[in-house]
Amino acid sequence: MKKKKWVALGASFLLLFLTGICYKFNFLYVRQGIQELKSSETFLSYVLNARPRVPVLMYHSVNENPVGIAQLSVKTQDFENQIKYIAQHGYTPLTFDQLKNAESYKKPIMITFDDGYQDNYTKAYPILKKYRCRATIFIVAKYINAPGYLSEHEMRQMSDWVSFQSHTVSHHPLIEFGAKDLKRECFAPKEAISKITKKPVTAISYPNGAYNKLVLKVAPQYYRYGVTTKYGYYYPTKGSMNYQIKRIAISRNTPLSQFIRII
């Protein structure tokens, strides 16, 4: 096994070196490649078992005028260009219900949003529907029906192309809670969202990407998947890694050329 590991790591670093040359030493992507390789066990599993690599994209707001943190608010036209590229180049956007069978799909990819801003309905949803791309929105339970966020009515309308999953009750980092309150942060939104959409809630996005051993113990009691804000790709697997899924943040400054290289 040690020999296989060294061979796989050697091959991955050679690939990284060649990638740097191909992109004319674009060090941003070299750095991103190094970040991905930090998870050597996951990467080794991918190399040895030929498991598909699934880019899990992370969005927040889609708007001409920044909403929330400016860098996390993607311009509407940029978002459409990105979704159009996905649709026209053979990618299959998956929901979490489909993720367990990712290897069955051609060029699997996931489109996720955190927080549930209202522009996900007014700006993003028409684009997703236009290009027939499924997406996932992680909803904060206490933000439902609040000004600037999605309403129950909008969530129901979007359910044809959008899967709604949990972003906790309060959006506070889960590492701040004890076991009792942590269970409520996990259980309550699962019930609330399912009641609105009439569909199962099987995934949670950790606020601020923060999690610890207690979170990894409690989350599996309510969900099949947990996503983080760490940079990287998802390689279909079993066990604890399904609760530490890495994502790729798409920002306001992500040009289409970079987006294409990422996915």
# chains A, B, ... in the order shown; residues from 1 in each chain; ligands from 1
>>> select_by_dssp(residues="stretch 28-241 of chain A", states="alpha helix (DSSP H)", output="PyMOL selection string")
chain A and resi 28-37+40-49+76-88+96-99+119+125-130+152-158+179-197+213-218
>>> atom_distance(atom1="atom CA of A:Ile109", atom2="atom CA of A:Phe187")
27.4 Å
>>> residues_around(residues="stretch 252-257 of chain A", least_positions_apart="6", cutoff="10 Å", atoms="only C-alpha atoms", output="ChimeraX atom specification")
/A:59,61-64,66,70-76,78-79,81-82,85
>>> closest_residue(among="A:Val67, A:Ala135, A:Ile127, A:Ala203", to="A:Gly148", atoms="only C-alpha atoms")
A:Val67
>>> residues_around(residues="A:Ala192", least_positions_apart="4", cutoff="8 Å", atoms="only C-alpha atoms", output="tab-separated table (two decimals) with N, CA and C atoms, in the first residue's frame")
chain	number	residue	atom	x	y	z
A	141	ALA	N	-33.13	28.54	9.02
A	141	ALA	CA	-34.54	28.46	9.39
A	141	ALA	C	-35.11	29.79	9.87
A	188	ALA	N	-34.27	21.15	14.16
A	188	ALA	CA	-35.36	22.09	13.88
A	188	ALA	C	-35.45	22.53	12.42
A	196	ILE	N	-42.29	22.70	4.60
A	196	ILE	CA	-42.58	23.66	3.53
A	196	ILE	C	-42.52	23.00	2.17
>>> residues_around(residues="A:Ser194", least_positions_apart="3", cutoff="12 Å", atoms="only C-alpha atoms", output="list in words")
Ile139, Ala141, Glu152, Met155, Arg156, Ser159, Ser163, Phe164, Gln165, Ser166, Phe187, Ala188, Pro189, Lys190, Glu191, Thr197, Lys198, Lys199, Pro200, Val201, Thr202 and Ala203 of chain A
>>> closest_residue(among="A:His89, A:His171, A:Lys230, A:Lys183", to="A:Pro207", atoms="only C-alpha atoms")
A:His171
>>> select_by_dssp(residues="stretch 140-208 of chain A", states="strand (DSSP E)", output="VMD selection string")
chain A and resid 162 to 166 203 to 205
>>> write_last_selection(atoms="C-alpha atoms", output="PDB file, in the first residue's frame")
ATOM      1  CA  VAL A 162     -34.044  23.583  -6.404  1.00  0.00           C
ATOM      2  CA  SER A 163     -33.474  21.284  -3.439  1.00  0.00           C
ATOM      3  CA  PHE A 164     -33.663  23.014  -0.056  1.00  0.00           C
ATOM      4  CA  GLN A 165     -31.366  21.781   2.690  1.00  0.00           C
ATOM      5  CA  SER A 166     -30.315  22.908   6.161  1.00  0.00           C
ATOM      6  CA  ALA A 203     -27.720  17.627   4.041  1.00  0.00           C
ATOM      7  CA  ILE A 204     -26.414  20.404   6.259  1.00  0.00           C
ATOM      8  CA  SER A 205     -24.036  23.277   5.547  1.00  0.00           C
TER       9      SER A 205
END
>>> residues_around(residues="A:Gly239", least_positions_apart="4", cutoff="10 Å", atoms="only C-alpha atoms", output="ChimeraX atom specification")
/A:220,224-225,243-244
>>> write_last_selection(atoms="N, CA and C atoms", output="short mmCIF file (atom, residue, chain, number, x, y, z; two decimals), in the first residue's frame")
data_model
loop_
_atom_site.label_atom_id
_atom_site.label_comp_id
_atom_site.auth_asym_id
_atom_site.auth_seq_id
_atom_site.Cartn_x
_atom_site.Cartn_y
_atom_site.Cartn_z
N PRO A 220 -24.53 13.30 11.80
CA PRO A 220 -25.00 12.05 11.19
C PRO A 220 -26.30 11.51 11.78
N ARG A 224 -27.35 12.89 5.98
CA ARG A 224 -26.45 11.97 5.30
C ARG A 224 -25.18 12.67 4.82
N TYR A 225 -25.25 14.01 4.71
CA TYR A 225 -24.12 14.78 4.20
C TYR A 225 -23.95 16.06 5.01
N TYR A 243 -19.35 13.95 5.70
CA TYR A 243 -19.71 15.06 6.59
C TYR A 243 -18.63 16.13 6.64
N GLN A 244 -17.69 16.03 5.70
CA GLN A 244 -16.63 17.04 5.58
C GLN A 244 -16.42 17.37 4.10
#
>>> closest_residue(among="A:Phe113, A:Phe96, A:Tyr105, A:Tyr211", to="A:Pro52", atoms="only C-alpha atoms")
A:Tyr105
>>> atom_distance(atom1="atom CA of A:Lys142", atom2="atom CA of A:Gly68")
16.5 Å
>>> residues_around(residues="A:Arg132", least_positions_apart="5", cutoff="10 Å", atoms="only C-alpha atoms", output="PyMOL selection string")
chain A and resi 83-84+87+92-93+126-127+161
>>> closest_residue(among="A:Tyr222, A:Tyr231, A:Tyr131, A:Phe138", to="A:His60", atoms="only C-alpha atoms")
A:Phe138
